[in-house]
>>> print(open('coords_21.txt').read())   # compact mmCIF, C-alpha atoms and all ligand atoms
# COMPACT_ATOMS: atom_id res chain seq x y z
CA MET A 1 -51.22 28.28 -46.31
CA ARG A 2 -53.98 30.16 -44.50
CA VAL A 3 -57.56 28.84 -44.58
CA LEU A 4 -60.81 30.37 -43.34
CA ILE A 5 -63.04 27.79 -41.63
CA SER A 6 -66.68 28.81 -41.20
CA GLY A 7 -68.24 26.86 -38.35
CA GLY A 8 -64.69 26.27 -37.13
CA ALA A 9 -65.87 26.10 -33.50
CA GLY A 10 -68.27 23.24 -34.25
CA PHE A 11 -67.68 19.48 -34.10
CA ILE A 12 -66.38 18.94 -37.63
CA GLY A 13 -65.00 22.44 -38.24
CA SER A 14 -62.90 22.40 -35.07
CA THR A 15 -61.54 18.96 -35.95
CA VAL A 16 -60.66 20.20 -39.45
CA ALA A 17 -58.92 23.17 -37.82
CA SER A 18 -56.83 20.81 -35.64
CA ALA A 19 -55.90 18.68 -38.65
CA CYS A 20 -54.89 21.84 -40.54
CA LEU A 21 -52.68 22.97 -37.66
CA ASP A 22 -51.03 19.53 -37.51
CA ALA A 23 -50.39 19.76 -41.28
CA GLY A 24 -48.83 23.23 -41.08
CA ILE A 25 -51.90 25.02 -42.46
CA THR A 26 -53.03 28.07 -40.45
CA PRO A 27 -56.78 28.06 -39.75
CA VAL A 28 -58.75 31.27 -39.27
CA ILE A 29 -61.97 30.45 -37.42
CA LEU A 30 -65.30 32.15 -38.14
CA ASP A 31 -68.22 31.02 -35.99
CA ASN A 32 -71.33 32.72 -34.61
CA LEU A 33 -71.35 30.32 -31.61
CA VAL A 34 -75.04 29.46 -32.07
CA THR A 35 -74.03 25.81 -31.82
CA GLY A 36 -70.23 26.14 -31.85
CA ARG A 37 -68.17 26.43 -28.68
CA ARG A 38 -65.76 29.21 -27.77
CA GLU A 39 -63.57 26.63 -26.03
CA PHE A 40 -62.97 24.92 -29.42
CA ALA A 41 -61.47 28.14 -30.83
CA GLU A 42 -59.20 28.85 -27.86
CA GLY A 43 -55.63 29.57 -28.87
CA ARG A 44 -56.69 29.90 -32.53
CA THR A 45 -57.30 32.99 -34.64
CA PHE A 46 -61.03 33.45 -34.06
CA TYR A 47 -63.69 35.83 -35.34
CA GLU A 48 -67.08 35.60 -33.65
CA GLY A 49 -69.85 36.45 -36.08
CA ASP A 50 -71.96 35.51 -39.01
CA ILE A 51 -71.04 34.23 -42.47
CA ALA A 52 -73.60 36.66 -43.94
CA ASP A 53 -71.94 39.70 -42.30
CA GLY A 54 -70.17 41.31 -45.23
CA ALA A 55 -68.31 43.90 -43.14
CA LEU A 56 -66.93 41.13 -40.92
CA ILE A 57 -65.80 39.01 -43.90
CA ASP A 58 -64.09 42.10 -45.41
CA LYS A 59 -62.38 42.73 -42.06
CA ILE A 60 -61.15 39.11 -41.85
CA PHE A 61 -59.63 39.24 -45.35
CA ALA A 62 -58.04 42.63 -44.58
CA GLU A 63 -56.55 41.48 -41.28
CA GLN A 64 -55.56 37.97 -42.40
CA PRO A 65 -53.80 38.39 -45.73
CA GLY A 66 -53.14 35.31 -47.82
CA ILE A 67 -56.31 33.30 -47.11
CA GLU A 68 -56.16 30.85 -50.01
CA ALA A 69 -59.32 28.85 -49.43
CA VAL A 70 -62.46 28.53 -47.35
CA VAL A 71 -63.78 25.40 -45.67
CA HIS A 72 -67.50 26.10 -45.26
CA CYS A 73 -68.82 24.00 -42.39
CA ALA A 74 -71.17 26.54 -40.80
CA ALA A 75 -74.71 25.14 -40.79
CA LEU A 76 -77.59 23.93 -38.68
CA ILE A 77 -77.70 20.13 -38.84
CA VAL A 78 -80.57 18.67 -36.79
CA VAL A 79 -83.12 16.92 -39.02
CA PRO A 80 -86.22 17.15 -36.72
CA ASP A 81 -85.46 20.83 -36.01
CA SER A 82 -85.37 21.46 -39.76
CA VAL A 83 -88.86 19.97 -40.07
CA ALA A 84 -90.13 22.19 -37.24
CA ASP A 85 -88.38 25.35 -38.49
CA PRO A 86 -87.82 25.22 -42.26
CA VAL A 87 -87.62 29.02 -42.54
CA GLY A 88 -84.83 29.13 -39.98
CA TYR A 89 -82.99 26.26 -41.68
CA TYR A 90 -83.22 27.67 -45.21
CA ARG A 91 -82.15 31.08 -43.90
CA ALA A 92 -79.18 29.74 -41.92
CA ASN A 93 -77.98 27.20 -44.46
CA VAL A 94 -79.00 28.60 -47.86
CA THR A 95 -79.59 32.37 -47.64
CA LYS A 96 -76.54 32.97 -45.49
CA SER A 97 -74.40 30.69 -47.67
CA LEU A 98 -75.42 32.77 -50.69
CA GLU A 99 -74.38 35.97 -48.92
CA PHE A 100 -71.16 34.29 -47.78
CA VAL A 101 -70.10 33.26 -51.28
CA ASP A 102 -70.81 36.78 -52.52
CA HIS A 103 -68.53 38.18 -49.79
CA LEU A 104 -65.85 35.63 -50.72
CA LEU A 105 -66.02 36.66 -54.38
CA ARG A 106 -65.66 40.33 -53.44
CA ASN A 107 -62.55 39.44 -51.45
CA GLY A 108 -61.06 37.43 -54.30
CA CYS A 109 -61.31 34.03 -52.59
CA GLY A 110 -61.56 31.44 -55.36
CA ARG A 111 -61.51 28.10 -53.51
CA MET A 112 -64.24 26.66 -51.33
CA ILE A 113 -64.68 23.25 -49.75
CA PHE A 114 -68.31 22.76 -48.80
CA SER A 115 -69.57 20.45 -46.02
CA SER A 116 -72.29 18.49 -47.74
CA SER A 117 -74.10 15.37 -46.64
CA ALA A 118 -74.78 11.87 -47.89
CA ALA A 119 -78.31 12.51 -46.58
CA ILE A 120 -79.08 14.02 -50.01
CA TYR A 121 -78.90 10.67 -51.86
CA ARG A 122 -81.74 8.46 -52.95
CA THR A 123 -80.74 5.06 -51.68
CA GLY A 124 -81.06 2.02 -53.89
CA ASP A 125 -81.91 -1.57 -53.05
CA ASP A 126 -78.30 -2.56 -52.40
CA HIS A 127 -77.84 0.32 -49.90
CA THR A 128 -74.81 1.74 -51.72
CA VAL A 129 -74.34 5.08 -53.46
CA ASP A 130 -71.66 6.89 -55.42
CA GLU A 131 -71.35 10.48 -56.59
CA ARG A 132 -73.48 9.78 -59.69
CA SER A 133 -76.38 8.32 -57.71
CA ALA A 134 -79.68 10.16 -57.90
CA LEU A 135 -80.41 12.76 -55.27
CA ASP A 136 -83.59 12.63 -53.23
CA PRO A 137 -83.15 14.54 -49.97
CA GLN A 138 -85.82 13.55 -47.45
CA SER A 139 -85.77 16.42 -44.96
CA PRO A 140 -85.56 20.21 -45.05
CA TYR A 141 -82.05 19.86 -43.58
CA ALA A 142 -80.91 17.56 -46.39
CA ARG A 143 -82.62 19.76 -48.99
CA THR A 144 -80.68 22.81 -47.76
CA LYS A 145 -77.48 20.88 -48.51
CA ALA A 146 -78.68 19.84 -51.97
CA VAL A 147 -79.83 23.40 -52.75
CA CYS A 148 -76.45 24.80 -51.65
CA GLU A 149 -74.58 22.34 -53.86
CA ALA A 150 -76.67 23.36 -56.88
CA MET A 151 -76.38 27.06 -56.02
CA PHE A 152 -72.59 26.87 -55.68
CA ALA A 153 -72.30 24.97 -58.97
CA ASP A 154 -74.32 27.68 -60.74
CA ILE A 155 -72.13 30.40 -59.27
CA ALA A 156 -68.87 28.55 -60.01
CA ALA A 157 -69.95 28.15 -63.65
CA THR A 158 -69.44 31.84 -64.39
CA ARG A 159 -67.72 33.47 -61.41
CA PRO A 160 -64.08 33.08 -60.32
CA ILE A 161 -64.62 30.52 -57.59
CA ARG A 162 -64.42 26.73 -57.53
CA VAL A 163 -66.39 24.72 -55.03
CA LEU A 164 -65.68 21.17 -53.96
CA SER A 165 -68.58 19.54 -52.11
CA LEU A 166 -67.60 16.78 -49.69
CA ARG A 167 -70.56 14.53 -48.91
CA TYR A 168 -70.08 13.18 -45.40
CA PHE A 169 -71.61 9.93 -44.28
CA ASN A 170 -72.09 9.45 -40.51
CA PRO A 171 -69.26 11.00 -38.50
CA ILE A 172 -68.26 9.36 -35.20
CA GLY A 173 -65.33 9.68 -32.81
CA ALA A 174 -63.38 12.74 -31.75
CA ASP A 175 -59.95 14.22 -32.29
CA PRO A 176 -57.68 11.35 -31.09
CA ALA A 177 -55.67 14.01 -29.21
CA MET A 178 -58.96 15.01 -27.48
CA ARG A 179 -58.68 18.72 -28.33
CA THR A 180 -62.32 18.73 -29.44
CA GLY A 181 -65.33 16.44 -29.88
CA LEU A 182 -69.10 16.60 -30.01
CA GLN A 183 -70.32 19.64 -28.11
CA LEU A 184 -73.67 18.09 -27.14
CA ARG A 185 -73.87 16.28 -23.83
CA ARG A 186 -76.63 13.98 -25.08
CA PRO A 187 -76.39 13.57 -28.87
CA SER A 188 -79.44 11.89 -30.43
CA HIS A 189 -77.60 9.85 -33.04
CA ALA A 190 -77.18 6.10 -32.67
CA LEU A 191 -73.74 6.08 -31.01
CA GLY A 192 -74.71 8.99 -28.73
CA LYS A 193 -77.79 7.07 -27.57
CA MET A 194 -75.68 3.96 -27.02
CA ILE A 195 -73.19 5.88 -24.87
CA GLY A 196 -76.09 7.44 -22.93
CA ALA A 197 -77.71 4.03 -22.35
CA HIS A 198 -74.37 2.59 -21.24
CA GLU A 199 -73.78 5.44 -18.75
CA GLU A 200 -77.27 5.14 -17.29
CA GLY A 201 -77.33 1.34 -17.27
CA VAL A 202 -80.51 1.20 -19.36
CA PRO A 203 -81.09 -0.70 -22.63
CA PHE A 204 -80.25 0.82 -26.01
CA GLU A 205 -83.29 0.86 -28.30
CA ILE A 206 -82.88 -0.20 -31.92
CA THR A 207 -85.41 1.98 -33.72
CA GLY A 208 -86.63 -0.18 -36.56
CA THR A 209 -85.82 -3.81 -37.27
CA ASP A 210 -87.89 -4.34 -40.41
CA TYR A 211 -85.61 -2.72 -42.99
CA SER A 212 -84.42 -4.63 -46.04
CA THR A 213 -80.90 -4.89 -44.63
CA ARG A 214 -78.99 -8.06 -43.69
CA ASP A 215 -80.33 -8.03 -40.12
CA GLY A 216 -83.33 -5.69 -40.42
CA SER A 217 -81.77 -2.72 -38.63
CA GLY A 218 -80.73 0.50 -40.38
CA ILE A 219 -77.39 0.55 -42.18
CA ARG A 220 -74.96 3.50 -42.19
CA ASP A 221 -71.37 4.33 -43.11
CA TYR A 222 -69.74 5.45 -39.86
CA VAL A 223 -66.64 7.47 -40.68
CA HIS A 224 -64.21 8.72 -38.04
CA VAL A 225 -64.23 12.52 -37.74
CA TRP A 226 -60.42 12.59 -37.75
CA ASP A 227 -60.45 10.77 -41.09
CA LEU A 228 -62.98 13.35 -42.35
CA ALA A 229 -60.67 16.13 -41.19
CA ALA A 230 -57.69 14.50 -42.92
CA ALA A 231 -59.70 14.41 -46.15
CA HIS A 232 -60.19 18.19 -45.92
CA VAL A 233 -56.45 18.68 -45.54
CA ALA A 234 -55.84 16.47 -48.59
CA ALA A 235 -58.50 18.40 -50.53
CA LEU A 236 -56.86 21.72 -49.62
CA GLN A 237 -53.47 20.42 -50.71
CA ARG A 238 -54.77 19.00 -54.00
CA PHE A 239 -57.47 21.56 -54.73
CA ASP A 240 -55.87 23.06 -57.82
CA ALA A 241 -55.13 19.64 -59.33
CA LEU A 242 -58.84 18.76 -59.42
CA SER A 243 -60.68 19.42 -62.66
CA ASP A 244 -63.90 21.44 -62.83
CA ALA A 245 -65.79 18.19 -63.35
CA GLU A 246 -64.48 16.80 -60.07
CA SER A 247 -66.63 18.92 -57.79
CA VAL A 248 -68.28 16.28 -55.56
CA ILE A 249 -66.60 13.59 -53.47
CA ASN A 250 -68.13 11.10 -51.02
CA LEU A 251 -66.41 10.75 -47.67
CA GLY A 252 -67.28 7.38 -46.21
CA THR A 253 -65.46 4.18 -45.35
CA GLY A 254 -67.05 2.02 -48.05
CA SER A 255 -68.36 -0.38 -45.41
CA GLY A 256 -71.91 -0.53 -44.20
CA THR A 257 -72.57 -1.12 -40.50
CA THR A 258 -76.03 -2.01 -39.25
CA VAL A 259 -77.29 -0.79 -35.89
CA ARG A 260 -76.98 -4.33 -34.48
CA GLU A 261 -73.37 -4.47 -35.74
CA LEU A 262 -72.69 -1.07 -34.20
CA ALA A 263 -74.00 -2.36 -30.86
CA ASP A 264 -71.82 -5.48 -31.18
CA ALA A 265 -68.78 -3.29 -31.89
CA PHE A 266 -69.70 -1.10 -28.90
CA ASN A 267 -69.88 -4.14 -26.64
CA ARG A 268 -66.44 -5.29 -27.82
CA VAL A 269 -65.03 -1.94 -26.69
CA VAL A 270 -66.73 -1.51 -23.30
CA ALA A 271 -66.20 -3.69 -20.22
CA ARG A 272 -69.88 -3.82 -19.24
CA PRO A 273 -72.04 -4.54 -22.30
CA VAL A 274 -75.11 -2.49 -23.11
CA GLU A 275 -78.39 -4.38 -23.43
CA VAL A 276 -80.17 -4.03 -26.76
CA VAL A 277 -83.97 -3.94 -27.21
CA GLU A 278 -86.08 -3.45 -30.33
CA THR A 279 -88.62 -0.68 -30.93
CA GLU A 280 -90.51 0.95 -33.79
CA ARG A 281 -88.93 3.00 -36.57
CA ARG A 282 -88.40 6.72 -35.92
CA PRO A 283 -90.58 8.95 -38.11
CA GLY A 284 -88.85 9.80 -41.37
CA ASP A 285 -86.06 7.25 -40.89
CA VAL A 286 -84.56 5.45 -43.87
CA ALA A 287 -82.85 2.07 -44.33
CA GLY A 288 -79.65 3.97 -45.08
CA ALA A 289 -76.60 3.71 -47.30
CA TYR A 290 -72.84 3.48 -47.51
CA THR A 291 -70.48 4.67 -50.19
CA ARG A 292 -69.25 2.43 -52.99
CA SER A 293 -67.06 5.17 -54.45
CA ASP A 294 -63.26 5.17 -54.69
CA LEU A 295 -63.15 8.79 -55.85
CA ALA A 296 -61.75 10.14 -52.57
CA GLU A 297 -58.85 7.71 -52.83
CA ARG A 298 -58.22 8.41 -56.51
CA LEU A 299 -58.49 12.20 -56.35
CA LEU A 300 -57.33 12.97 -52.82
CA GLY A 301 -55.14 9.97 -52.05
CA TRP A 302 -57.36 9.62 -48.99
CA ARG A 303 -58.32 6.45 -47.24
CA PRO A 304 -59.95 6.19 -43.81
CA ARG A 305 -57.50 4.87 -41.23
CA TYR A 306 -59.75 4.39 -38.22
CA SER A 307 -62.18 1.53 -37.61
CA VAL A 308 -65.69 1.76 -36.18
CA GLU A 309 -64.26 0.44 -32.89
CA ASP A 310 -61.70 3.28 -32.89
CA GLY A 311 -64.53 5.77 -33.44
CA ILE A 312 -66.52 4.26 -30.56
CA ARG A 313 -63.46 4.29 -28.28
CA HIS A 314 -62.70 7.95 -29.07
CA SER A 315 -66.36 8.95 -28.65
CA LEU A 316 -66.40 7.27 -25.22
CA GLU A 317 -63.14 8.95 -24.25
CA TRP A 318 -64.50 12.36 -25.30
CA ALA A 319 -67.84 11.76 -23.53
CA ALA A 320 -65.93 11.17 -20.29
CA LEU A 321 -63.92 14.38 -20.78
CA ARG A 322 -66.60 16.62 -22.22
CA ASP A 323 -67.94 18.14 -19.02
CA SER A 324 -64.46 19.10 -17.85
CA ARG A 325 -63.71 20.80 -21.19
CA LEU A 326 -66.93 22.70 -21.81
CA ALA A 327 -68.44 25.26 -19.46
CA GLU A 328 -71.97 23.79 -19.54
O1 LIG A 401 -81.50 5.49 -30.44
C1 LIG A 401 -81.31 5.17 -31.63
C2 LIG A 401 -80.87 6.11 -32.60
C3 LIG A 401 -80.68 5.67 -33.90
N1 LIG A 401 -80.90 4.37 -34.22
C4 LIG A 401 -80.73 3.90 -35.60
O2 LIG A 401 -79.39 4.10 -35.95
C5 LIG A 401 -79.28 4.37 -37.35
C6 LIG A 401 -78.53 5.66 -37.52
O3 LIG A 401 -79.26 6.75 -36.98
P1 LIG A 401 -78.57 8.17 -36.69
O4 LIG A 401 -79.56 9.07 -36.09
O5 LIG A 401 -77.30 7.92 -35.96
O6 LIG A 401 -78.11 8.65 -38.16
P2 LIG A 401 -78.96 9.14 -39.43
O7 LIG A 401 -78.16 8.72 -40.61
O8 LIG A 401 -80.36 8.65 -39.36
O9 LIG A 401 -78.97 10.72 -39.34
C7 LIG A 401 -77.80 11.45 -38.98
O10 LIG A 401 -76.78 11.39 -39.93
C8 LIG A 401 -77.05 12.04 -41.17
C9 LIG A 401 -75.81 11.90 -42.02
O11 LIG A 401 -76.04 10.99 -43.02
C10 LIG A 401 -77.38 13.48 -40.94
O12 LIG A 401 -76.24 14.18 -40.52
C11 LIG A 401 -78.49 13.63 -39.91
O13 LIG A 401 -78.62 15.00 -39.58
C12 LIG A 401 -78.23 12.87 -38.66
O14 LIG A 401 -79.38 12.87 -37.84
C13 LIG A 401 -80.73 4.42 -37.88
O15 LIG A 401 -81.03 3.19 -38.47
C14 LIG A 401 -81.56 4.62 -36.62
O16 LIG A 401 -82.84 4.06 -36.74
C15 LIG A 401 -81.30 3.46 -33.27
O17 LIG A 401 -81.49 2.28 -33.56
N2 LIG A 401 -81.51 3.89 -32.00
>>> encode(input="coords_21.txt", output="structure tokens", more="lines below")
Ligand SMILES: O=c1ccn([C@@H]2O[C@H](COP(=O)(O)OP(=O)(O)O[C@H]3O[C@H](CO)[C@H](O)[C@H](O)[C@H]3O)[C@@H](O)[C@H]2O)c(=O)[nH]1
Amino acid sequence: MRVLISGGAGFIGSTVASACLDAGITPVILDNLVTGRREFAEGRTFYEGDIADGALIDKIFAEQPGIEAVVHCAALIVVPDSVADPVGYYRANVTKSLEFVDHLLRNGCGRMIFSSSAAIYRTGDDHTVDERSALDPQSPYARTKAVCEAMFADIAATRPIRVLSLRYFNPIGADPAMRTGLQLRRPSHALGKMIGAHEEGVPFEITGTDYSTRDGSGIRDYVHVWDLAAAHVAALQRFDALSDAESVINLGTGSGTTVRELADAFNRVVARPVEVVETERRPGDVAGAYTRSDLAERLLGWRPRYSVEDGIRHSLEWAALRDSRLAE
């Protein structure tokens, strides 16, 4: 099977590409390298360019016969940037996705797996969500994902394409074989900040300790990126067995981890523990959620295999390697 992966030189897309290769699926990478890394496409079939570039998409389908599906990961993903630049975010994530799907239709590609986000859910009092939970995206970034889901569903209703949206919770870790990982040197998410604090020997700041969670800190569902990638492989293999109604699947572990618990897990992994201090909430932050759904297991036969500690260990291993793997 041959699969086109948009954003295939990014963190998740490149990991999906590695999982495809390991499963005997041939990935064709499409990435404009705005945030993706050329190094992550090395040795793979790679087209540098934009998902909205119709001539390029036509060229890819002409040169790579037998592309059976698309995994659409290409997107901008930084919440504060989306607040500062909503036009840029809607253009990159929505307008270009609309053009992309049109190009796919013209080339007869009828299967798409879309990288969506659990950030689109309204979170209830018990901090759990499933695929039927109400949506209430809180940032322009999250709204671009919700808009894309709705747009794809409208298109799939009458045009010959089916779209499966996979709603990711919080990805951590790296390819266990260390082919790829997070491209950023200093990621701003909780584990990235923890690794940074640990390297510099400064305290890690818990941003917000007055949430209605079991210990007051924010709760998330940290899912290993290799498990996410494996879910894409399972979705590709089972795509045609899914019914039209089964168009959204949560990808999380089903366990909530608070920031304090994440720090405890971190300190079980590292030799020299990181100190933890408390500060104010970040603007726009939410208490958070984890999945209560078993749909991924029922429909894809997928279950996460890696623990939060595994994710932390692999993130640390990648952080130590990153500078030797990436040019800058
Ligand atoms: O230095 C920090 C950074 C984060 N946190 C806390 O850690 C939790 C998780 O924060 P992250 O920034 O790691 O994750 P978010 O879920 O808030 O947001 C991230 O994950 C989302 C997926 O659900 C989207 O992808 C989004 O773009 C991305 O920023 C929150 O309670 C946050 O307050 C800290 O305590 N200290």
>>> closest_residue(input="coords_21.txt", among="A:Leu262, A:Leu184, A:Ile161, A:Met151", to="ligand LIG 401 (chain A)", atoms="all atoms listed in the file")
A:Leu262
>>> residues_near_ligand(input="coords_21.txt", ligand="ligand LIG 401 (chain A)", cutoff="9 Å", atoms="only C-alpha atoms and all ligand atoms", output="JSON, numbers by chain")
{"A": [77, 78, 79, 80, 117, 118, 119, 120, 141, 142, 167, 168, 169, 170, 171, 188, 189, 190, 191, 192, 193, 194, 204, 205, 206, 207, 208, 209, 211, 217, 218, 219, 220, 221, 222, 258, 259, 260, 262, 278, 279, 280, 281, 282, 284, 285, 286, 287, 288, 289]}
>>> atom_distance(input="coords_21.txt", atom1="CA of Arg238 in chain A", atom2="CA of Glu63 in chain A")
25.9 Å
>>> residues_near_point(input="coords_21.txt", point="(-61.0, 17.1, -31.3)", cutoff="10 Å", atoms="all atoms listed in the file", output="list in words")
Gly10, Phe11, Ile12, Gly13, Ser14, Thr15, Val16, Ala17, Ser18, Ala19, Phe40, Gly173, Ala174, Asp175, Pro176, Ala177, Met178, Arg179, Thr180, Gly181, Leu182, Val225, Trp226, Ala229, His314 and Trp318 of chain A
>>> atom_distance(input="coords_21.txt", atom1="CA of Gly252 in chain A", atom2="CA of Met112 in chain A")
20.2 Å
>>> atom_distance(input="coords_21.txt", atom1="CA of Leu299 in chain A", atom2="CA of Ser243 in chain A")
9.8 Å
>>> closest_residue(input="coords_21.txt", among="A:Val223, A:Asp136, A:Thr253, A:Glu68", to="Arg162 in chain A", atoms="only C-alpha atoms")
A:Glu68
>>> residues_near_point(input="coords_21.txt", point="(-65.5, 19.0, -60.7)", cutoff="10 Å", atoms="all atoms listed in the file", output="list of chain:residue names")
A:Ala153, A:Arg162, A:Val163, A:Leu164, A:Ser165, A:Leu242, A:Ser243, A:Asp244, A:Ala245, A:Glu246, A:Ser247, A:Val248, A:Ile249
>>> closest_residue(input="coords_21.txt", among="A:Phe239, A:Gln183, A:Tyr47, A:Asp210", to="Gly110 in chain A", atoms="only C-alpha atoms")
A:Phe239
>>> residues_around(input="coords_21.txt", residues="Asp227 in chain A", least_positions_apart="4", cutoff="7 Å", atoms="all atoms listed in the file", output="count of residues only")
3
>>> build_atoms(input="coords_21.txt", residues="range 52-72 of chain A", atoms="N, CA and C atoms", output="mmCIF file, keeping the file's coordinate frame")
data_model
loop_
_atom_site.group_PDB
_atom_site.id
_atom_site.type_symbol
_atom_site.label_atom_id
_atom_site.label_comp_id
_atom_site.auth_asym_id
_atom_site.auth_seq_id
_atom_site.Cartn_x
_atom_site.Cartn_y
_atom_site.Cartn_z
ATOM 1 N N ALA A 52 -72.898 35.716 -43.054
ATOM 2 C CA ALA A 52 -73.600 36.660 -43.940
ATOM 3 C C ALA A 52 -73.188 38.106 -43.680
ATOM 4 N N ASP A 53 -72.347 38.333 -42.681
ATOM 5 C CA ASP A 53 -71.940 39.700 -42.300
ATOM 6 C C ASP A 53 -70.797 40.160 -43.195
ATOM 7 N N GLY A 54 -71.155 40.902 -44.230
ATOM 8 C CA GLY A 54 -70.170 41.310 -45.230
ATOM 9 C C GLY A 54 -69.030 42.131 -44.653
ATOM 10 N N ALA A 55 -69.361 43.054 -43.723
ATOM 11 C CA ALA A 55 -68.310 43.900 -43.140
ATOM 12 C C ALA A 55 -67.307 43.034 -42.364
ATOM 13 N N LEU A 56 -67.824 42.020 -41.675
ATOM 14 C CA LEU A 56 -66.930 41.130 -40.920
ATOM 15 C C LEU A 56 -66.032 40.322 -41.876
ATOM 16 N N ILE A 57 -66.610 39.803 -42.955
ATOM 17 C CA ILE A 57 -65.800 39.010 -43.900
ATOM 18 C C ILE A 57 -64.716 39.912 -44.514
ATOM 19 N N ASP A 58 -65.087 41.158 -44.864
ATOM 20 C CA ASP A 58 -64.090 42.100 -45.410
ATOM 21 C C ASP A 58 -62.971 42.337 -44.395
ATOM 22 N N LYS A 59 -63.355 42.490 -43.127
ATOM 23 C CA LYS A 59 -62.380 42.730 -42.060
ATOM 24 C C LYS A 59 -61.425 41.519 -41.929
ATOM 25 N N ILE A 60 -61.988 40.315 -41.978
ATOM 26 C CA ILE A 60 -61.150 39.110 -41.850
ATOM 27 C C ILE A 60 -60.108 39.070 -42.979
ATOM 28 N N PHE A 61 -60.569 39.316 -44.216
ATOM 29 C CA PHE A 61 -59.630 39.240 -45.350
ATOM 30 C C PHE A 61 -58.598 40.381 -45.284
ATOM 31 N N ALA A 62 -59.005 41.534 -44.708
ATOM 32 C CA ALA A 62 -58.040 42.630 -44.580
ATOM 33 C C ALA A 62 -57.003 42.317 -43.502
ATOM 34 N N GLU A 63 -57.459 41.716 -42.402
ATOM 35 C CA GLU A 63 -56.550 41.480 -41.280
ATOM 36 C C GLU A 63 -55.735 40.188 -41.416
ATOM 37 N N GLN A 64 -56.215 39.274 -42.263
ATOM 38 C CA GLN A 64 -55.560 37.970 -42.400
ATOM 39 C C GLN A 64 -55.151 37.770 -43.868
ATOM 40 N N PRO A 65 -54.155 38.487 -44.317
ATOM 41 C CA PRO A 65 -53.800 38.390 -45.730
ATOM 42 C C PRO A 65 -53.343 36.976 -46.096
ATOM 43 N N GLY A 66 -53.635 36.602 -47.329
ATOM 44 C CA GLY A 66 -53.140 35.310 -47.820
ATOM 45 C C GLY A 66 -54.065 34.144 -47.537
ATOM 46 N N ILE A 67 -55.358 34.418 -47.243
ATOM 47 C CA ILE A 67 -56.310 33.300 -47.110
ATOM 48 C C ILE A 67 -56.516 32.707 -48.502
ATOM 49 N N GLU A 68 -56.130 31.447 -48.669
ATOM 50 C CA GLU A 68 -56.160 30.850 -50.010
ATOM 51 C C GLU A 68 -57.434 30.063 -50.286
ATOM 52 N N ALA A 69 -58.128 29.683 -49.229
ATOM 53 C CA ALA A 69 -59.320 28.850 -49.430
ATOM 54 C C ALA A 69 -60.239 28.976 -48.220
ATOM 55 N N VAL A 70 -61.478 28.576 -48.429
ATOM 56 C CA VAL A 70 -62.460 28.530 -47.350
ATOM 57 C C VAL A 70 -62.978 27.108 -47.205
ATOM 58 N N VAL A 71 -63.066 26.644 -45.960
ATOM 59 C CA VAL A 71 -63.780 25.400 -45.670
ATOM 60 C C VAL A 71 -65.092 25.838 -45.021
ATOM 61 N N HIS A 72 -66.195 25.573 -45.699
ATOM 62 C CA HIS A 72 -67.500 26.100 -45.260
ATOM 63 C C HIS A 72 -68.302 25.016 -44.544
#
